[in-house]
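Pasted below: run27.pdb, PDB, C-alpha atoms.
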```
ATOM      1  CA  MET J 264       0.000   0.000   0.000  1.00  0.00           C
ATOM      2  CA  SER J 265       1.239   3.469  -0.862  1.00  0.00           C
ATOM      3  CA  ASP J 266       1.863   5.958   1.936  1.00  0.00           C
ATOM      4  CA  VAL J 267      -1.268   8.110   2.013  1.00  0.00           C
ATOM      5  CA  ARG J 268       0.888  11.186   2.558  1.00  0.00           C
ATOM      6  CA  GLN J 269       2.233  10.776  -0.960  1.00  0.00           C
ATOM      7  CA  MET J 270      -1.149  11.244  -2.688  1.00  0.00           C
ATOM      8  CA  GLN J 271      -0.774  14.559  -4.498  1.00  0.00           C
ATOM      9  CA  MET J 272      -3.907  16.638  -5.113  1.00  0.00           C
ATOM     10  CA  VAL J 273      -4.144  19.766  -7.273  1.00  0.00           C
ATOM     11  CA  LEU J 274      -7.243  21.906  -6.676  1.00  0.00           C
ATOM     12  CA  ILE J 275      -8.376  24.673  -9.051  1.00  0.00           C
ATOM     13  CA  PRO J 276     -10.814  27.208  -7.587  1.00  0.00           C
ATOM     14  CA  ALA J 277     -13.928  28.678  -9.149  1.00  0.00           C
ATOM     15  CA  LEU J 278     -13.942  32.071 -10.853  1.00  0.00           C
ATOM     16  CA  LEU J 279     -12.956  34.835  -8.397  1.00  0.00           C
ATOM     17  CA  CYS J 280     -12.129  32.257  -5.706  1.00  0.00           C
ATOM     18  CA  ASP J 281      -8.827  31.352  -4.059  1.00  0.00           C
ATOM     19  CA  ASP J 282      -7.524  28.686  -1.686  1.00  0.00           C
ATOM     20  CA  THR J 283     -10.134  29.598   0.940  1.00  0.00           C
ATOM     21  CA  LEU J 284     -12.704  27.798  -1.229  1.00  0.00           C
ATOM     22  CA  TYR J 285     -11.084  24.456  -0.380  1.00  0.00           C
ATOM     23  CA  ARG J 286      -9.769  25.267   3.107  1.00  0.00           C
ATOM     24  CA  ASP J 287     -12.275  23.244   5.136  1.00  0.00           C
ATOM     25  CA  VAL J 288     -12.180  20.210   2.855  1.00  0.00           C
ATOM     26  CA  ILE J 289      -8.365  20.155   2.748  1.00  0.00           C
ATOM     27  CA  SER J 290      -8.250  20.433   6.529  1.00  0.00           C
ATOM     28  CA  ALA J 291     -10.759  17.604   6.943  1.00  0.00           C
ATOM     29  CA  LEU J 292      -8.879  15.304   4.539  1.00  0.00           C
ATOM     30  CA  GLY J 293      -5.762  15.813   6.629  1.00  0.00           C
ATOM     31  CA  ASP J 294      -2.879  13.445   5.848  1.00  0.00           C
ATOM     32  CA  THR J 295      -4.900  11.661   3.189  1.00  0.00           C
ATOM     33  CA  VAL J 296      -3.599  14.090   0.555  1.00  0.00           C
ATOM     34  CA  GLU J 297      -0.864  16.596  -0.039  1.00  0.00           C
ATOM     35  CA  ALA J 298      -2.939  19.445  -1.463  1.00  0.00           C
ATOM     36  CA  THR J 299      -1.836  22.301  -3.709  1.00  0.00           C
ATOM     37  CA  VAL J 300      -4.302  24.990  -4.799  1.00  0.00           C
ATOM     38  CA  MET J 301      -3.516  26.550  -8.188  1.00  0.00           C
ATOM     39  CA  LEU J 302      -5.438  29.479  -9.649  1.00  0.00           C
ATOM     40  CA  ALA J 303      -6.045  29.709 -13.384  1.00  0.00           C
ATOM     41  CA  THR J 304      -5.603  33.412 -14.116  1.00  0.00           C
ATOM     42  CA  GLN J 305      -4.904  33.739 -17.844  1.00  0.00           C
ATOM     43  CA  PRO J 306      -7.445  34.901 -20.478  1.00  0.00           C
ATOM     44  CA  ASP J 307      -6.651  31.885 -22.681  1.00  0.00           C
ATOM     45  CA  MET J 308      -7.639  28.369 -21.609  1.00  0.00           C
ATOM     46  CA  ARG J 309      -4.707  26.649 -23.325  1.00  0.00           C
ATOM     47  CA  THR J 310      -2.309  28.897 -21.434  1.00  0.00           C
ATOM     48  CA  ASN J 311      -4.016  28.070 -18.139  1.00  0.00           C
ATOM     49  CA  VAL J 312      -3.753  24.356 -18.878  1.00  0.00           C
ATOM     50  CA  ALA J 313      -0.082  24.610 -19.821  1.00  0.00           C
ATOM     51  CA  GLU J 314       0.827  26.689 -16.751  1.00  0.00           C
ATOM     52  CA  ILE J 315      -0.870  24.330 -14.307  1.00  0.00           C
ATOM     53  CA  LEU J 316       0.633  21.224 -15.921  1.00  0.00           C
ATOM     54  CA  GLU J 317       4.071  22.828 -15.723  1.00  0.00           C
ATOM     55  CA  LYS J 318       3.703  23.388 -11.964  1.00  0.00           C
ATOM     56  CA  ALA J 319       1.815  20.213 -11.069  1.00  0.00           C
ATOM     57  CA  PRO J 320       3.415  16.958  -9.801  1.00  0.00           C
ATOM     58  CA  PRO J 321       4.106  14.169 -12.327  1.00  0.00           C
ATOM     59  CA  GLN J 322       0.858  12.459 -11.280  1.00  0.00           C
ATOM     60  CA  PHE J 323      -1.957  13.814  -9.149  1.00  0.00           C
ATOM     61  CA  VAL J 324      -5.623  13.798  -8.245  1.00  0.00           C
ATOM     62  CA  LEU J 325      -7.187  16.800 -10.001  1.00  0.00           C
ATOM     63  CA  VAL J 326     -10.036  18.852  -8.529  1.00  0.00           C
ATOM     64  CA  GLY J 327     -11.992  21.717 -10.067  1.00  0.00           C
ATOM     65  CA  SER J 328     -15.045  23.749  -9.069  1.00  0.00           C
ATOM     66  CA  SER J 329     -17.202  25.639 -11.585  1.00  0.00           C
ATOM     67  CA  PHE J 330     -14.713  27.552 -13.786  1.00  0.00           C
ATOM     68  CA  GLY J 331     -11.965  25.518 -12.142  1.00  0.00           C
ATOM     69  CA  GLY J 332     -13.802  22.338 -13.107  1.00  0.00           C
ATOM     70  CA  THR J 333     -13.833  23.423 -16.721  1.00  0.00           C
ATOM     71  CA  VAL J 334     -10.090  24.023 -16.531  1.00  0.00           C
ATOM     72  CA  ALA J 335      -9.660  20.615 -14.865  1.00  0.00           C
ATOM     73  CA  ILE J 336     -11.514  18.872 -17.694  1.00  0.00           C
ATOM     74  CA  ASP J 337      -9.206  20.466 -20.255  1.00  0.00           C
ATOM     75  CA  ILE J 338      -6.152  19.464 -18.198  1.00  0.00           C
ATOM     76  CA  ALA J 339      -7.352  15.856 -17.965  1.00  0.00           C
ATOM     77  CA  LEU J 340      -7.947  15.769 -21.718  1.00  0.00           C
ATOM     78  CA  ALA J 341      -4.511  17.278 -22.409  1.00  0.00           C
ATOM     79  CA  ALA J 342      -2.571  14.959 -20.074  1.00  0.00           C
ATOM     80  CA  PRO J 343      -4.716  11.971 -19.034  1.00  0.00           C
ATOM     81  CA  GLU J 344      -1.643   9.922 -18.159  1.00  0.00           C
ATOM     82  CA  ARG J 345      -0.834  12.385 -15.357  1.00  0.00           C
ATOM     83  CA  VAL J 346      -4.301  12.601 -13.803  1.00  0.00           C
ATOM     84  CA  ILE J 347      -4.800   9.682 -11.390  1.00  0.00           C
ATOM     85  CA  ALA J 348      -8.391  10.692 -10.653  1.00  0.00           C
ATOM     86  CA  LEU J 349     -10.640  13.644 -11.392  1.00  0.00           C
ATOM     87  CA  TRP J 350     -13.103  15.360  -9.040  1.00  0.00           C
ATOM     88  CA  LEU J 351     -15.478  17.895 -10.602  1.00  0.00           C
ATOM     89  CA  ASN J 352     -17.939  20.256  -8.905  1.00  0.00           C
ATOM     90  CA  ASP J 353     -20.769  22.055 -10.743  1.00  0.00           C
ATOM     91  CA  CYS J 354     -18.969  22.704 -14.043  1.00  0.00           C
ATOM     92  CA  ASP J 355     -19.890  22.725 -17.723  1.00  0.00           C
ATOM     93  CA  PRO J 356     -17.784  20.866 -20.320  1.00  0.00           C
ATOM     94  CA  GLY J 357     -19.617  22.722 -23.073  1.00  0.00           C
ATOM     95  CA  SER J 358     -18.657  25.977 -24.738  1.00  0.00           C
ATOM     96  CA  SER J 359     -19.914  29.112 -23.020  1.00  0.00           C
ATOM     97  CA  SER J 360     -22.153  31.725 -24.611  1.00  0.00           C
ATOM     98  CA  ALA J 361     -19.433  34.085 -25.793  1.00  0.00           C
ATOM     99  CA  ASP J 362     -21.593  37.221 -25.605  1.00  0.00           C
ATOM    100  CA  THR J 363     -22.763  36.529 -22.048  1.00  0.00           C
ATOM    101  CA  THR J 364     -19.350  35.481 -20.774  1.00  0.00           C
ATOM    102  CA  LEU J 365     -17.545  38.371 -22.426  1.00  0.00           C
ATOM    103  CA  GLY J 366     -20.175  40.679 -20.950  1.00  0.00           C
ATOM    104  CA  LEU J 367     -19.343  39.317 -17.496  1.00  0.00           C
ATOM    105  CA  ALA J 368     -15.636  39.807 -18.231  1.00  0.00           C
ATOM    106  CA  GLY J 369     -16.210  43.429 -19.163  1.00  0.00           C
ATOM    107  CA  MET J 370     -18.305  44.049 -16.066  1.00  0.00           C
ATOM    108  CA  LEU J 371     -15.646  42.537 -13.822  1.00  0.00           C
ATOM    109  CA  GLU J 372     -12.960  44.668 -15.447  1.00  0.00           C
ATOM    110  CA  THR J 373     -14.902  47.936 -15.211  1.00  0.00           C
ATOM    111  CA  SER J 374     -17.439  47.537 -12.385  1.00  0.00           C
ATOM    112  CA  ALA J 375     -16.042  44.778 -10.202  1.00  0.00           C
ATOM    113  CA  ASP J 376     -18.045  45.556  -7.074  1.00  0.00           C
ATOM    114  CA  ALA J 377     -21.370  45.386  -8.893  1.00  0.00           C
ATOM    115  CA  ALA J 378     -20.379  42.162 -10.645  1.00  0.00           C
ATOM    116  CA  VAL J 379     -19.208  40.521  -7.423  1.00  0.00           C
ATOM    117  CA  ASN J 380     -22.362  41.519  -5.551  1.00  0.00           C
ATOM    118  CA  TYR J 381     -24.478  40.023  -8.318  1.00  0.00           C
ATOM    119  CA  LEU J 382     -22.471  36.785  -8.350  1.00  0.00           C
ATOM    120  CA  ALA J 383     -22.552  36.505  -4.554  1.00  0.00           C
ATOM    121  CA  GLY J 384     -26.323  36.369  -4.829  1.00  0.00           C
ATOM    122  CA  VAL J 385     -26.353  33.415  -7.206  1.00  0.00           C
ATOM    123  CA  VAL J 386     -23.277  31.281  -6.478  1.00  0.00           C
ATOM    124  CA  VAL J 387     -24.707  30.209  -3.106  1.00  0.00           C
ATOM    125  CA  ARG J 388     -28.231  29.887  -1.749  1.00  0.00           C
ATOM    126  CA  SER J 389     -29.773  33.194  -0.695  1.00  0.00           C
ATOM    127  CA  THR J 390     -30.069  31.949   2.892  1.00  0.00           C
ATOM    128  CA  ASP J 391     -26.338  31.190   3.145  1.00  0.00           C
ATOM    129  CA  THR J 392     -25.062  34.673   3.917  1.00  0.00           C
ATOM    130  CA  THR J 393     -21.856  33.335   5.485  1.00  0.00           C
ATOM    131  CA  SER J 394     -20.776  31.628   2.258  1.00  0.00           C
ATOM    132  CA  ALA J 395     -21.797  34.709   0.266  1.00  0.00           C
ATOM    133  CA  ASP J 396     -19.570  36.882   2.464  1.00  0.00           C
ATOM    134  CA  THR J 397     -16.694  34.419   2.066  1.00  0.00           C
ATOM    135  CA  PHE J 398     -17.127  34.579  -1.713  1.00  0.00           C
ATOM    136  CA  ARG J 399     -17.000  38.390  -1.627  1.00  0.00           C
ATOM    137  CA  THR J 400     -13.807  38.294   0.453  1.00  0.00           C
ATOM    138  CA  MET J 401     -12.151  35.878  -1.958  1.00  0.00           C
ATOM    139  CA  ALA J 402     -13.269  37.952  -4.947  1.00  0.00           C
ATOM    140  CA  ALA J 403     -11.754  41.088  -3.409  1.00  0.00           C
ATOM    141  CA  ARG J 404      -8.408  39.308  -3.090  1.00  0.00           C
ATOM    142  CA  VAL J 405      -8.502  37.817  -6.593  1.00  0.00           C
ATOM    143  CA  GLY J 406      -9.635  41.090  -8.158  1.00  0.00           C
ATOM    144  CA  GLY J 407     -11.882  42.089 -11.020  1.00  0.00           C
ATOM    145  CA  MET J 408      -9.154  42.062 -13.647  1.00  0.00           C
ATOM    146  CA  THR J 409      -8.218  38.462 -12.880  1.00  0.00           C
ATOM    147  CA  GLY J 410     -11.897  37.518 -12.771  1.00  0.00           C
ATOM    148  CA  GLY J 411     -12.332  39.152 -16.152  1.00  0.00           C
ATOM    149  CA  ALA J 412      -9.396  37.165 -17.550  1.00  0.00           C
ATOM    150  CA  GLN J 413     -10.956  33.946 -16.220  1.00  0.00           C
ATOM    151  CA  ALA J 414     -14.260  34.797 -17.901  1.00  0.00           C
ATOM    152  CA  ARG J 415     -12.441  35.487 -21.183  1.00  0.00           C
ATOM    153  CA  ALA J 416     -10.767  32.071 -20.959  1.00  0.00           C
ATOM    154  CA  LEU J 417     -14.216  30.495 -20.634  1.00  0.00           C
ATOM    155  CA  ALA J 418     -15.563  32.476 -23.575  1.00  0.00           C
ATOM    156  CA  GLY J 419     -12.826  31.239 -25.887  1.00  0.00           C
ATOM    157  CA  ARG J 420     -12.653  27.549 -24.999  1.00  0.00           C
ATOM    158  CA  ALA J 421     -13.880  24.711 -27.180  1.00  0.00           C
ATOM    159  CA  ASP J 422     -16.744  22.375 -26.326  1.00  0.00           C
ATOM    160  CA  ALA J 423     -15.419  19.182 -24.690  1.00  0.00           C
ATOM    161  CA  TRP J 424     -18.524  16.982 -24.526  1.00  0.00           C
ATOM    162  CA  ASP J 425     -17.527  14.744 -27.435  1.00  0.00           C
ATOM    163  CA  ARG J 426     -14.117  13.979 -25.861  1.00  0.00           C
ATOM    164  CA  LEU J 427     -15.221  13.072 -22.331  1.00  0.00           C
ATOM    165  CA  ALA J 428     -15.609   9.365 -23.103  1.00  0.00           C
ATOM    166  CA  THR J 429     -11.818   9.167 -23.568  1.00  0.00           C
ATOM    167  CA  LEU J 430     -11.261   9.928 -19.861  1.00  0.00           C
ATOM    168  CA  ARG J 431     -10.824   6.514 -18.234  1.00  0.00           C
ATOM    169  CA  MET J 432      -9.591   7.584 -14.787  1.00  0.00           C
ATOM    170  CA  PRO J 433     -11.992   7.467 -11.818  1.00  0.00           C
ATOM    171  CA  VAL J 434     -14.157  10.603 -11.784  1.00  0.00           C
ATOM    172  CA  LEU J 435     -16.223  12.029  -8.925  1.00  0.00           C
ATOM    173  CA  VAL J 436     -18.935  14.495  -9.950  1.00  0.00           C
ATOM    174  CA  LEU J 437     -20.524  16.480  -7.102  1.00  0.00           C
ATOM    175  CA  TRP J 438     -23.431  18.842  -7.664  1.00  0.00           C
ATOM    176  CA  GLY J 439     -25.371  21.221  -5.442  1.00  0.00           C
ATOM    177  CA  SER J 440     -29.069  20.345  -5.326  1.00  0.00           C
ATOM    178  CA  ASP J 441     -30.033  24.019  -5.580  1.00  0.00           C
ATOM    179  CA  ASP J 442     -27.405  25.247  -8.042  1.00  0.00           C
ATOM    180  CA  ALA J 443     -28.844  28.355  -9.694  1.00  0.00           C
ATOM    181  CA  ILE J 444     -26.064  28.564 -12.303  1.00  0.00           C
ATOM    182  CA  MET J 445     -25.440  24.990 -13.480  1.00  0.00           C
ATOM    183  CA  PRO J 446     -28.630  22.888 -13.587  1.00  0.00           C
ATOM    184  CA  LEU J 447     -28.633  19.305 -12.373  1.00  0.00           C
ATOM    185  CA  SER J 448     -29.172  18.198 -15.958  1.00  0.00           C
ATOM    186  CA  ILE J 449     -25.523  19.017 -16.712  1.00  0.00           C
ATOM    187  CA  GLY J 450     -24.318  16.882 -13.817  1.00  0.00           C
ATOM    188  CA  GLU J 451     -26.587  14.056 -14.938  1.00  0.00           C
ATOM    189  CA  ARG J 452     -25.243  14.296 -18.472  1.00  0.00           C
ATOM    190  CA  LEU J 453     -21.677  14.173 -17.142  1.00  0.00           C
ATOM    191  CA  ALA J 454     -22.558  11.068 -15.151  1.00  0.00           C
ATOM    192  CA  SER J 455     -23.958   9.382 -18.245  1.00  0.00           C
ATOM    193  CA  THR J 456     -21.013  10.380 -20.478  1.00  0.00           C
ATOM    194  CA  LEU J 457     -17.931   9.652 -18.364  1.00  0.00           C
ATOM    195  CA  PRO J 458     -17.035   5.928 -18.351  1.00  0.00           C
ATOM    196  CA  ASN J 459     -15.797   5.583 -14.742  1.00  0.00           C
ATOM    197  CA  VAL J 460     -17.874   8.017 -12.707  1.00  0.00           C
ATOM    198  CA  ARG J 461     -19.506   8.411  -9.321  1.00  0.00           C
ATOM    199  CA  TYR J 462     -22.212  11.091  -9.244  1.00  0.00           C
ATOM    200  CA  GLU J 463     -23.553  12.618  -6.030  1.00  0.00           C
ATOM    201  CA  VAL J 464     -25.978  15.476  -5.407  1.00  0.00           C
ATOM    202  CA  ILE J 465     -25.316  17.501  -2.248  1.00  0.00           C
ATOM    203  CA  ALA J 466     -28.541  18.485  -0.479  1.00  0.00           C
ATOM    204  CA  ASP J 467     -29.251  22.060   0.644  1.00  0.00           C
ATOM    205  CA  CYS J 468     -26.438  23.401  -1.502  1.00  0.00           C
ATOM    206  CA  GLY J 469     -25.922  25.876  -4.319  1.00  0.00           C
ATOM    207  CA  HIS J 470     -23.120  26.231  -6.861  1.00  0.00           C
ATOM    208  CA  LEU J 471     -20.115  25.792  -4.539  1.00  0.00           C
ATOM    209  CA  PRO J 472     -20.445  22.549  -2.526  1.00  0.00           C
ATOM    210  CA  VAL J 473     -16.915  22.652  -1.095  1.00  0.00           C
ATOM    211  CA  LEU J 474     -17.678  26.041   0.454  1.00  0.00           C
ATOM    212  CA  GLU J 475     -21.306  25.512   1.429  1.00  0.00           C
ATOM    213  CA  GLN J 476     -21.345  21.882   2.628  1.00  0.00           C
ATOM    214  CA  PRO J 477     -17.728  20.866   3.347  1.00  0.00           C
ATOM    215  CA  ASN J 478     -18.647  18.094   5.798  1.00  0.00           C
ATOM    216  CA  ALA J 479     -20.982  16.340   3.372  1.00  0.00           C
ATOM    217  CA  VAL J 480     -18.454  16.750   0.571  1.00  0.00           C
ATOM    218  CA  THR J 481     -15.553  15.426   2.644  1.00  0.00           C
ATOM    219  CA  ALA J 482     -17.459  12.285   3.654  1.00  0.00           C
ATOM    220  CA  ILE J 483     -18.057  11.408  -0.001  1.00  0.00           C
ATOM    221  CA  VAL J 484     -14.530  12.294  -1.085  1.00  0.00           C
ATOM    222  CA  ARG J 485     -12.925  10.174   1.626  1.00  0.00           C
ATOM    223  CA  GLU J 486     -14.921   7.132   0.530  1.00  0.00           C
ATOM    224  CA  TRP J 487     -14.180   7.757  -3.151  1.00  0.00           C
ATOM    225  CA  LEU J 488     -10.465   8.315  -2.569  1.00  0.00           C
ATOM    226  CA  ALA J 489      -9.857   5.259  -0.384  1.00  0.00           C
ATOM    227  CA  PRO J 490      -9.413   2.660  -3.166  1.00  0.00           C
ATOM    228  CA  ILE J 491      -7.493   5.167  -5.298  1.00  0.00           C
ATOM    229  CA  ILE J 492      -4.985   5.776  -2.518  1.00  0.00           C
ATOM    230  CA  GLN J 493      -4.609   2.054  -1.847  1.00  0.00           C
ATOM    231  CA  HIS J 494      -4.081   1.196  -5.539  1.00  0.00           C
TER     232      HIS J 494
END
```
Re-express the file's structure as structure tokens.
Amino acid sequence: MSDVRQMQMVLIPALLCDDTLYRDVISALGDTVEATVMLATQPDMRTNVAEILEKAPPQFVLVGSSFGGTVAIDIALAAPERVIALWLNDCDPGSSSADTTLGLAGMLETSADAAVNYLAGVVVRSTDTTSADTFRTMAARVGGMTGGAQARALAGRADAWDRLATLRMPVLVLWGSDDAIMPLSIGERLASTLPNVRYEVIADCGHLPVLEQPNAVTAIVREWLAPIIQH
């Protein structure tokens, strides 16, 4: 059996989020993983993929939430031999509506406060004011210009649906039951497209399960990771 301390995990945050997004889950996983959070900050998706692969360990468990999940999918497609397992949260493998996403980019670059306040109202459930405040704090650190670059990367990426069946590594797909941005139908389609997938819906949760329901998420992740670590 491999030493559990040697399991490398690379986690990519959602748009406008930083390492705080994964703080509680990383803490709860403890010695199970050696976690590294890497932000994708470039306005071109291929550049983001190349930069993260350059910094990442030779092999690793890859995690991505929302925008970060989209980046993670492209990384897994670019270097499947390096990705031991893939964990995706509330993300869309499809191409974004360029007009809408570029509009968000422009708003973040010119009116960041208004854009962040709008997003804080939809990325988590309206009753979860604590998570909304945490999102705002992360967004202030990341900044509107970086958020705009992330949105531009989304606007320019290619649709990946027809390539997902080539991903043979174990995949965990987690989805918030009340996600107001990514409907459950996308998670269900992912579960039916990926060949080696576990799909779980997190109750009482919006778009960011790792932030909103870290205990429920960690319980599922521990169970999913156990055979991967022991392999």
| Output check: residues returned by the PyMOL selection byres ((chain J and resi 485) around 12), as a ChimeraX atom specification | /J:267,288-289,291-296,350,435,477-484,486-492
| task | Pick out the residues sitting within 12 Å of Val385 (chain J), and hand them over as a VMD selection string; count only C-alpha atoms, and ignore anything fewer than 2 positions along from it in its own chain. | result | chain J and resid 378 to 383 387 to 392 394 to 395 398 to 399 441 to 445 468 to 471
| field | All residues 6 Å or closer to region 320-326 of chain J, all atoms listed in the file, same chain fewer than 5 positions away omitted, as a PyMOL selection string | value | chain J and resi 271-274+345-351
| request: Name every residue that the PyMOL selection byres ((chain J and resi 359) around 12) selects in this structure, writing the answer as a PyMOL selection string with chains first and numbers rising. | output: chain J and resi 330+333+354-358+360-367+414-423+445
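With distances taken over all atoms listed in the file, J:Leu474 is the one residue among J:Leu474, J:Met408, J:Ile449, J:Ile315 lying closest to Asp281 (chain J).
When all atoms listed in the file are used to compute distances to Asp396 (chain J), the closest of the residues J:Gln305, J:Ala466, J:Trp438, J:Gly384 turns out to be J:Gly384.
Near Gly331 (chain J), within 7 Å and counting all atoms listed in the file, sit Ile275, Pro276, Ala277, Leu278, Gly327, Ser328, Ser329, Thr333, Val334 and Ala335 of chain J; same-chain residues fewer than 2 positions away were not included.
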| Test item: the PyMOL selection byres ((chain J and resi 279) around 6) resolved as a list in words | Leu278, Cys280, Ala402, Val405 and Gly410 of chain J
| task | Would you mind reading off the distance between CA of Glu463 (chain J) and CA of Arg309 (chain J), one decimal, in Å? | result | 29.2 Å
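Proximity of J:Leu427, J:Thr456, J:Leu371, J:Ile465 to Ile338 (chain J), computed with only C-alpha atoms, is greatest for J:Leu427.
Residue nearest Ala319 (chain J) within the list J:Asp307, J:Leu302, J:Ala375, J:Gly332: J:Leu302 [criterion: smallest interatomic distance, all atoms listed in the file].
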| task | Would you mind reading off the distance between CA of Val434 (chain J) and CA of Met270 (chain J), one decimal, in Å? | result | 15.9 Å
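Considering all atoms listed in the file, the residue among J:Met401, J:Leu430, J:Leu316, J:Met370 positioned nearest to Thr283 (chain J) is J:Met401.
Atom pair CA of Pro343 (chain J) / CA of Thr409 (chain J): separated by 27.4 Å.
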Could you put an axis-aligned box around every listed atom of region 400-405 of chain J, padded by 5 Å on each side, and send me its centre and edge lengths in Å to one decimal, as AutoDock Vina command-line options?
```
--center_x -11.1 --center_y 38.5 --center_z -3.1 --size_x 15.4 --size_y 15.2 --size_z 17.0
```
With all atoms listed in the file as the counted atoms, please give the residues lying no more than 8 Å from Val460 (chain J), apart from itself and same-chain residues fewer than 2 positions off, as a PDB file with C-alpha atoms, keeping the file's coordinate frame.
```pdb
ATOM      1  CA  PRO J 433     -11.992   7.467 -11.818  1.00  0.00           C
ATOM      2  CA  VAL J 434     -14.157  10.603 -11.784  1.00  0.00           C
ATOM      3  CA  LEU J 435     -16.223  12.029  -8.925  1.00  0.00           C
ATOM      4  CA  VAL J 436     -18.935  14.495  -9.950  1.00  0.00           C
ATOM      5  CA  ALA J 454     -22.558  11.068 -15.151  1.00  0.00           C
ATOM      6  CA  LEU J 457     -17.931   9.652 -18.364  1.00  0.00           C
ATOM      7  CA  PRO J 458     -17.035   5.928 -18.351  1.00  0.00           C
ATOM      8  CA  TYR J 462     -22.212  11.091  -9.244  1.00  0.00           C
TER       9      TYR J 462
END
```
Give me region 429-447 of chain J with N, CA and C atoms filled in, as a PDB file, in the coordinates of the input.
```
ATOM      1  N   THR J 429     -13.208   9.627 -23.532  1.00  0.00           N
ATOM      2  CA  THR J 429     -11.818   9.167 -23.568  1.00  0.00           C
ATOM      3  C   THR J 429     -11.170   9.193 -22.185  1.00  0.00           C
ATOM      4  N   LEU J 430     -11.825   9.817 -21.208  1.00  0.00           N
ATOM      5  CA  LEU J 430     -11.261   9.928 -19.861  1.00  0.00           C
ATOM      6  C   LEU J 430     -11.595   8.667 -19.071  1.00  0.00           C
ATOM      7  N   ARG J 431     -10.605   7.822 -18.852  1.00  0.00           N
ATOM      8  CA  ARG J 431     -10.824   6.514 -18.234  1.00  0.00           C
ATOM      9  C   ARG J 431     -10.496   6.496 -16.745  1.00  0.00           C
ATOM     10  N   MET J 432      -9.917   7.564 -16.210  1.00  0.00           N
ATOM     11  CA  MET J 432      -9.591   7.584 -14.787  1.00  0.00           C
ATOM     12  C   MET J 432     -10.873   7.675 -13.951  1.00  0.00           C
ATOM     13  N   PRO J 433     -10.825   7.279 -12.669  1.00  0.00           N
ATOM     14  CA  PRO J 433     -11.992   7.467 -11.818  1.00  0.00           C
ATOM     15  C   PRO J 433     -12.375   8.947 -11.735  1.00  0.00           C
ATOM     16  N   VAL J 434     -13.659   9.224 -11.842  1.00  0.00           N
ATOM     17  CA  VAL J 434     -14.157  10.603 -11.784  1.00  0.00           C
ATOM     18  C   VAL J 434     -15.258  10.686 -10.729  1.00  0.00           C
ATOM     19  N   LEU J 435     -15.166  11.700  -9.878  1.00  0.00           N
ATOM     20  CA  LEU J 435     -16.223  12.029  -8.925  1.00  0.00           C
ATOM     21  C   LEU J 435     -16.869  13.325  -9.378  1.00  0.00           C
ATOM     22  N   VAL J 436     -18.179  13.298  -9.578  1.00  0.00           N
ATOM     23  CA  VAL J 436     -18.935  14.495  -9.950  1.00  0.00           C
ATOM     24  C   VAL J 436     -19.874  14.831  -8.794  1.00  0.00           C
ATOM     25  N   LEU J 437     -19.662  15.995  -8.178  1.00  0.00           N
ATOM     26  CA  LEU J 437     -20.524  16.480  -7.102  1.00  0.00           C
ATOM     27  C   LEU J 437     -21.288  17.694  -7.578  1.00  0.00           C
ATOM     28  N   TRP J 438     -22.570  17.748  -7.204  1.00  0.00           N
ATOM     29  CA  TRP J 438     -23.431  18.842  -7.664  1.00  0.00           C
ATOM     30  C   TRP J 438     -24.297  19.338  -6.522  1.00  0.00           C
ATOM     31  N   GLY J 439     -24.458  20.649  -6.419  1.00  0.00           N
ATOM     32  CA  GLY J 439     -25.371  21.221  -5.442  1.00  0.00           C
ATOM     33  C   GLY J 439     -26.818  21.061  -5.885  1.00  0.00           C
ATOM     34  N   SER J 440     -27.665  20.608  -4.975  1.00  0.00           N
ATOM     35  CA  SER J 440     -29.069  20.345  -5.326  1.00  0.00           C
ATOM     36  C   SER J 440     -29.804  21.600  -5.774  1.00  0.00           C
ATOM     37  N   ASP J 441     -29.345  22.763  -5.295  1.00  0.00           N
ATOM     38  CA  ASP J 441     -30.033  24.019  -5.580  1.00  0.00           C
ATOM     39  C   ASP J 441     -29.159  24.977  -6.381  1.00  0.00           C
ATOM     40  N   ASP J 442     -28.304  24.424  -7.226  1.00  0.00           N
ATOM     41  CA  ASP J 442     -27.405  25.247  -8.042  1.00  0.00           C
ATOM     42  C   ASP J 442     -28.230  26.110  -8.995  1.00  0.00           C
ATOM     43  N   ALA J 443     -28.097  27.422  -8.854  1.00  0.00           N
ATOM     44  CA  ALA J 443     -28.844  28.355  -9.694  1.00  0.00           C
ATOM     45  C   ALA J 443     -28.107  28.714 -10.972  1.00  0.00           C
ATOM     46  N   ILE J 444     -26.874  28.233 -11.129  1.00  0.00           N
ATOM     47  CA  ILE J 444     -26.064  28.564 -12.303  1.00  0.00           C
ATOM     48  C   ILE J 444     -25.944  27.370 -13.239  1.00  0.00           C
ATOM     49  N   MET J 445     -25.589  26.218 -12.693  1.00  0.00           N
ATOM     50  CA  MET J 445     -25.440  24.990 -13.480  1.00  0.00           C
ATOM     51  C   MET J 445     -26.550  24.018 -13.096  1.00  0.00           C
ATOM     52  N   PRO J 446     -27.524  23.773 -13.953  1.00  0.00           N
ATOM     53  CA  PRO J 446     -28.630  22.888 -13.587  1.00  0.00           C
ATOM     54  C   PRO J 446     -28.168  21.445 -13.389  1.00  0.00           C
ATOM     55  N   LEU J 447     -28.947  20.715 -12.627  1.00  0.00           N
ATOM     56  CA  LEU J 447     -28.633  19.305 -12.373  1.00  0.00           C
ATOM     57  C   LEU J 447     -28.533  18.506 -13.662  1.00  0.00           C
TER      58      LEU J 447
END
```
